[in-house]
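data.txt (compact mmCIF, C-alpha atoms) appears below.
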```
# COMPACT_ATOMS: atom_id res chain seq x y z
CA MET A 950 -5.64 -30.69 34.48
CA GLU A 951 -3.88 -27.38 33.98
CA PHE A 952 -4.92 -25.02 36.76
CA HIS A 953 -2.81 -22.28 38.31
CA VAL A 954 -3.02 -21.94 42.10
CA SER A 955 -2.35 -18.39 43.17
CA LEU A 956 -0.83 -17.38 46.48
CA ASP A 957 -1.92 -13.76 46.02
CA GLY A 958 -3.84 -12.07 48.79
CA SER A 959 -3.53 -11.93 52.52
CA GLY A 960 -3.79 -14.48 55.28
CA GLU A 961 -2.22 -17.85 55.87
CA LEU A 962 -0.84 -19.77 52.92
CA SER A 963 -3.33 -22.62 53.36
CA ALA A 964 -6.18 -20.09 53.25
CA ARG A 965 -4.81 -18.59 50.02
CA ILE A 966 -4.54 -22.03 48.40
CA TYR A 967 -8.05 -22.86 49.62
CA ARG A 968 -9.49 -19.65 48.12
CA SER A 969 -7.73 -20.17 44.80
CA LEU A 970 -9.08 -23.72 44.44
CA ARG A 971 -12.55 -22.84 45.75
CA ASP A 972 -12.82 -19.99 43.27
CA GLY A 973 -11.74 -22.36 40.48
CA VAL A 974 -14.59 -24.71 41.40
CA ARG A 975 -17.11 -21.89 41.69
CA ASP A 976 -16.30 -20.28 38.36
CA GLY A 977 -16.03 -23.57 36.44
CA ARG A 978 -12.29 -23.66 35.78
CA LEU A 979 -12.24 -26.86 37.87
CA ARG A 980 -14.98 -29.23 36.78
CA PRO A 981 -16.34 -32.39 38.37
CA GLY A 982 -13.89 -35.21 37.70
CA ASP A 983 -10.84 -32.95 37.33
CA ARG A 984 -7.92 -34.26 39.35
CA LEU A 985 -5.81 -32.04 41.51
CA PRO A 986 -2.12 -32.74 41.92
CA PRO A 987 -1.06 -34.76 44.95
CA THR A 988 -0.29 -32.63 48.01
CA ARG A 989 3.45 -33.25 47.73
CA GLU A 990 3.56 -32.19 44.10
CA LEU A 991 1.55 -29.00 44.63
CA ALA A 992 3.58 -28.16 47.73
CA ARG A 993 6.80 -28.52 45.75
CA THR A 994 5.42 -26.38 42.90
CA LEU A 995 4.32 -23.62 45.30
CA SER A 996 7.39 -23.92 47.56
CA VAL A 997 5.27 -24.49 50.67
CA SER A 998 5.04 -27.37 53.10
CA ARG A 999 2.93 -30.42 52.31
CA GLY A 1000 0.91 -29.77 55.47
CA THR A 1001 -0.08 -26.35 54.15
CA VAL A 1002 -1.53 -27.89 50.99
CA ALA A 1003 -3.10 -30.78 52.92
CA THR A 1004 -4.89 -28.31 55.20
CA ALA A 1005 -6.37 -26.51 52.19
CA TYR A 1006 -7.44 -29.80 50.55
CA GLU A 1007 -8.99 -31.07 53.81
CA ARG A 1008 -11.03 -27.90 54.18
CA LEU A 1009 -12.26 -28.14 50.59
CA VAL A 1010 -13.29 -31.76 51.13
CA ALA A 1011 -15.04 -30.90 54.42
CA GLU A 1012 -17.01 -28.11 52.71
CA GLY A 1013 -17.99 -30.32 49.76
CA PHE A 1014 -15.92 -28.62 47.05
CA LEU A 1015 -13.69 -31.69 46.54
CA VAL A 1016 -13.98 -35.43 46.92
CA GLY A 1017 -10.92 -37.02 48.49
CA ARG A 1018 -9.47 -40.25 47.14
CA VAL A 1019 -6.35 -42.13 48.09
```
Let me see the file written as structure tokens.
Amino acid sequence: MEFHVSLDGSGELSARIYRSLRDGVRDGRLRPGDRLPPTRELARTLSVSRGTVATAYERLVAEGFLVGRV
């Protein structure tokens, strides 16, 4: 899956990651079955903490945009 997560905008970093991924789901750039990178990998790519990415992922799972798997 090749999807660019943008940190543009205002607010906390986790909120920006959340919005970028949520918008990708809503507009079809992320389709059912697409895999997102592990939290550590995305955090490294974005130069943010793993917890920041994990918070965004957890919110997306809680709101039904993602399905979490270990």
Pick from A:Pro986, A:Gly973, A:Gly1017, A:Gly958: nearest to Arg999 of chain A, with all atoms listed in the file counted?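 Once distances to Arg999 of chain A are computed over all atoms listed in the file, the minimum belongs to A:Pro986.
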Residues around (-0.4, -19.0, 55.2), cut-off 12 Å, counting all atoms listed in the file - what are they as JSON, numbers by chain? {"A": [956, 957, 958, 959, 960, 961, 962, 963, 964, 965, 966, 967, 968, 995, 996, 997, 998, 1000, 1001, 1002, 1004, 1005]}
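Pairwise distance (atom CA of Val1010 of chain A, atom CA of Leu970 of chain A) equals 11.3 Å.
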Nearest candidate to Leu985 of chain A (options A:Phe952, A:Ala1003, A:Arg971, A:Leu1009; using all atoms listed in the file): A:Phe952
Neighbour residues at most 10 Å from (-7.7, -40.9, 46.5) (only C-alpha atoms) as a PDB file with C-alpha atoms, keeping the file's coordinate frame:
```pdb
ATOM      1  CA  ARG A 984      -7.920 -34.260  39.350  1.00  0.00           C
ATOM      2  CA  PRO A 987      -1.060 -34.760  44.950  1.00  0.00           C
ATOM      3  CA  VAL A1016     -13.980 -35.430  46.920  1.00  0.00           C
ATOM      4  CA  GLY A1017     -10.920 -37.020  48.490  1.00  0.00           C
ATOM      5  CA  ARG A1018      -9.470 -40.250  47.140  1.00  0.00           C
ATOM      6  CA  VAL A1019      -6.350 -42.130  48.090  1.00  0.00           C
TER       7      VAL A1019
END
```
Atom CA of Glu1012 of chain A to atom CA of Asp976 of chain A, straight-line distance in Å: 16.4 Å
What separates atom CA of Val974 of chain A and atom CA of Leu1015 of chain A is a distance of 8.7 Å
Because some atoms of segment 980-1013 of chain A are absent here, can you restore N, CA and C atoms and send them as an mmCIF file, in the frame of the given file?
```cif
data_model
loop_
_atom_site.group_PDB
_atom_site.id
_atom_site.type_symbol
_atom_site.label_atom_id
_atom_site.label_comp_id
_atom_site.auth_asym_id
_atom_site.auth_seq_id
_atom_site.Cartn_x
_atom_site.Cartn_y
_atom_site.Cartn_z
ATOM 1 N N ARG A 980 -13.696 -28.563 37.005
ATOM 2 C CA ARG A 980 -14.980 -29.230 36.780
ATOM 3 C C ARG A 980 -15.029 -30.558 37.523
ATOM 4 N N PRO A 981 -16.228 -31.074 37.740
ATOM 5 C CA PRO A 981 -16.340 -32.390 38.370
ATOM 6 C C PRO A 981 -15.505 -33.417 37.595
ATOM 7 N N GLY A 982 -14.733 -34.196 38.327
ATOM 8 C CA GLY A 982 -13.890 -35.210 37.700
ATOM 9 C C GLY A 982 -12.457 -34.755 37.455
ATOM 10 N N ASP A 983 -12.216 -33.434 37.469
ATOM 11 C CA ASP A 983 -10.840 -32.950 37.330
ATOM 12 C C ASP A 983 -10.030 -33.410 38.531
ATOM 13 N N ARG A 984 -8.801 -33.818 38.271
ATOM 14 C CA ARG A 984 -7.920 -34.260 39.350
ATOM 15 C C ARG A 984 -6.964 -33.142 39.729
ATOM 16 N N LEU A 985 -6.800 -32.977 41.019
ATOM 17 C CA LEU A 985 -5.810 -32.040 41.510
ATOM 18 C C LEU A 985 -4.499 -32.787 41.711
ATOM 19 N N PRO A 986 -3.387 -32.060 41.684
ATOM 20 C CA PRO A 986 -2.120 -32.740 41.920
ATOM 21 C C PRO A 986 -2.042 -33.247 43.353
ATOM 22 N N PRO A 987 -1.263 -34.293 43.581
ATOM 23 C CA PRO A 987 -1.060 -34.760 44.950
ATOM 24 C C PRO A 987 -0.493 -33.626 45.816
ATOM 25 N N THR A 988 -0.726 -33.709 47.116
ATOM 26 C CA THR A 988 -0.290 -32.630 48.010
ATOM 27 C C THR A 988 1.213 -32.383 47.921
ATOM 28 N N ARG A 989 1.990 -33.437 47.813
ATOM 29 C CA ARG A 989 3.450 -33.250 47.730
ATOM 30 C C ARG A 989 3.852 -32.496 46.472
ATOM 31 N N GLU A 990 3.229 -32.841 45.377
ATOM 32 C CA GLU A 990 3.560 -32.190 44.100
ATOM 33 C C GLU A 990 3.183 -30.714 44.120
ATOM 34 N N LEU A 991 1.973 -30.400 44.583
ATOM 35 C CA LEU A 991 1.550 -29.000 44.630
ATOM 36 C C LEU A 991 2.406 -28.221 45.617
ATOM 37 N N ALA A 992 2.722 -28.825 46.744
ATOM 38 C CA ALA A 992 3.580 -28.160 47.730
ATOM 39 C C ALA A 992 4.943 -27.821 47.129
ATOM 40 N N ARG A 993 5.506 -28.754 46.393
ATOM 41 C CA ARG A 993 6.800 -28.520 45.750
ATOM 42 C C ARG A 993 6.687 -27.391 44.719
ATOM 43 N N THR A 994 5.624 -27.411 43.922
ATOM 44 C CA THR A 994 5.420 -26.380 42.900
ATOM 45 C C THR A 994 5.281 -24.992 43.520
ATOM 46 N N LEU A 995 4.574 -24.910 44.650
ATOM 47 C CA LEU A 995 4.320 -23.620 45.300
ATOM 48 C C LEU A 995 5.398 -23.239 46.309
ATOM 49 N N SER A 996 6.335 -24.141 46.553
ATOM 50 C CA SER A 996 7.390 -23.920 47.560
ATOM 51 C C SER A 996 6.808 -23.672 48.947
ATOM 52 N N VAL A 997 5.857 -24.522 49.330
ATOM 53 C CA VAL A 997 5.270 -24.490 50.670
ATOM 54 C C VAL A 997 5.346 -25.903 51.240
ATOM 55 N N SER A 998 5.001 -26.046 52.502
ATOM 56 C CA SER A 998 5.040 -27.370 53.100
ATOM 57 C C SER A 998 3.838 -28.203 52.641
ATOM 58 N N ARG A 999 4.012 -29.505 52.681
ATOM 59 C CA ARG A 999 2.930 -30.420 52.310
ATOM 60 C C ARG A 999 1.731 -30.228 53.230
ATOM 61 N N GLY A 1000 1.995 -29.982 54.505
ATOM 62 C CA GLY A 1000 0.910 -29.770 55.470
ATOM 63 C C GLY A 1000 0.047 -28.571 55.127
ATOM 64 N N THR A 1001 0.655 -27.553 54.568
ATOM 65 C CA THR A 1001 -0.080 -26.350 54.150
ATOM 66 C C THR A 1001 -1.090 -26.708 53.062
ATOM 67 N N VAL A 1002 -0.647 -27.476 52.084
ATOM 68 C CA VAL A 1002 -1.530 -27.890 50.990
ATOM 69 C C VAL A 1002 -2.579 -28.873 51.523
ATOM 70 N N ALA A 1003 -2.165 -29.794 52.363
ATOM 71 C CA ALA A 1003 -3.100 -30.780 52.920
ATOM 72 C C ALA A 1003 -4.211 -30.095 53.707
ATOM 73 N N THR A 1004 -3.884 -29.059 54.442
ATOM 74 C CA THR A 1004 -4.890 -28.310 55.200
ATOM 75 C C THR A 1004 -5.926 -27.692 54.257
ATOM 76 N N ALA A 1005 -5.462 -27.112 53.167
ATOM 77 C CA ALA A 1005 -6.370 -26.510 52.190
ATOM 78 C C ALA A 1005 -7.261 -27.582 51.557
ATOM 79 N N TYR A 1006 -6.666 -28.707 51.156
ATOM 80 C CA TYR A 1006 -7.440 -29.800 50.550
ATOM 81 C C TYR A 1006 -8.470 -30.338 51.538
ATOM 82 N N GLU A 1007 -8.077 -30.541 52.794
ATOM 83 C CA GLU A 1007 -8.990 -31.070 53.810
ATOM 84 C C GLU A 1007 -10.187 -30.142 54.012
ATOM 85 N N ARG A 1008 -9.939 -28.862 54.024
ATOM 86 C CA ARG A 1008 -11.030 -27.900 54.180
ATOM 87 C C ARG A 1008 -11.986 -27.946 52.983
ATOM 88 N N LEU A 1009 -11.421 -28.053 51.785
ATOM 89 C CA LEU A 1009 -12.260 -28.140 50.590
ATOM 90 C C LEU A 1009 -13.092 -29.408 50.569
ATOM 91 N N VAL A 1010 -12.540 -30.502 51.036
ATOM 92 C CA VAL A 1010 -13.290 -31.760 51.130
ATOM 93 C C VAL A 1010 -14.393 -31.610 52.176
ATOM 94 N N ALA A 1011 -14.061 -31.065 53.340
ATOM 95 C CA ALA A 1011 -15.040 -30.900 54.420
ATOM 96 C C ALA A 1011 -16.217 -30.023 53.998
ATOM 97 N N GLU A 1012 -15.952 -29.041 53.142
ATOM 98 C CA GLU A 1012 -17.010 -28.110 52.710
ATOM 99 C C GLU A 1012 -17.704 -28.590 51.420
ATOM 100 N N GLY A 1013 -17.299 -29.750 50.907
ATOM 101 C CA GLY A 1013 -17.990 -30.320 49.760
ATOM 102 C C GLY A 1013 -17.526 -29.832 48.404
#
```
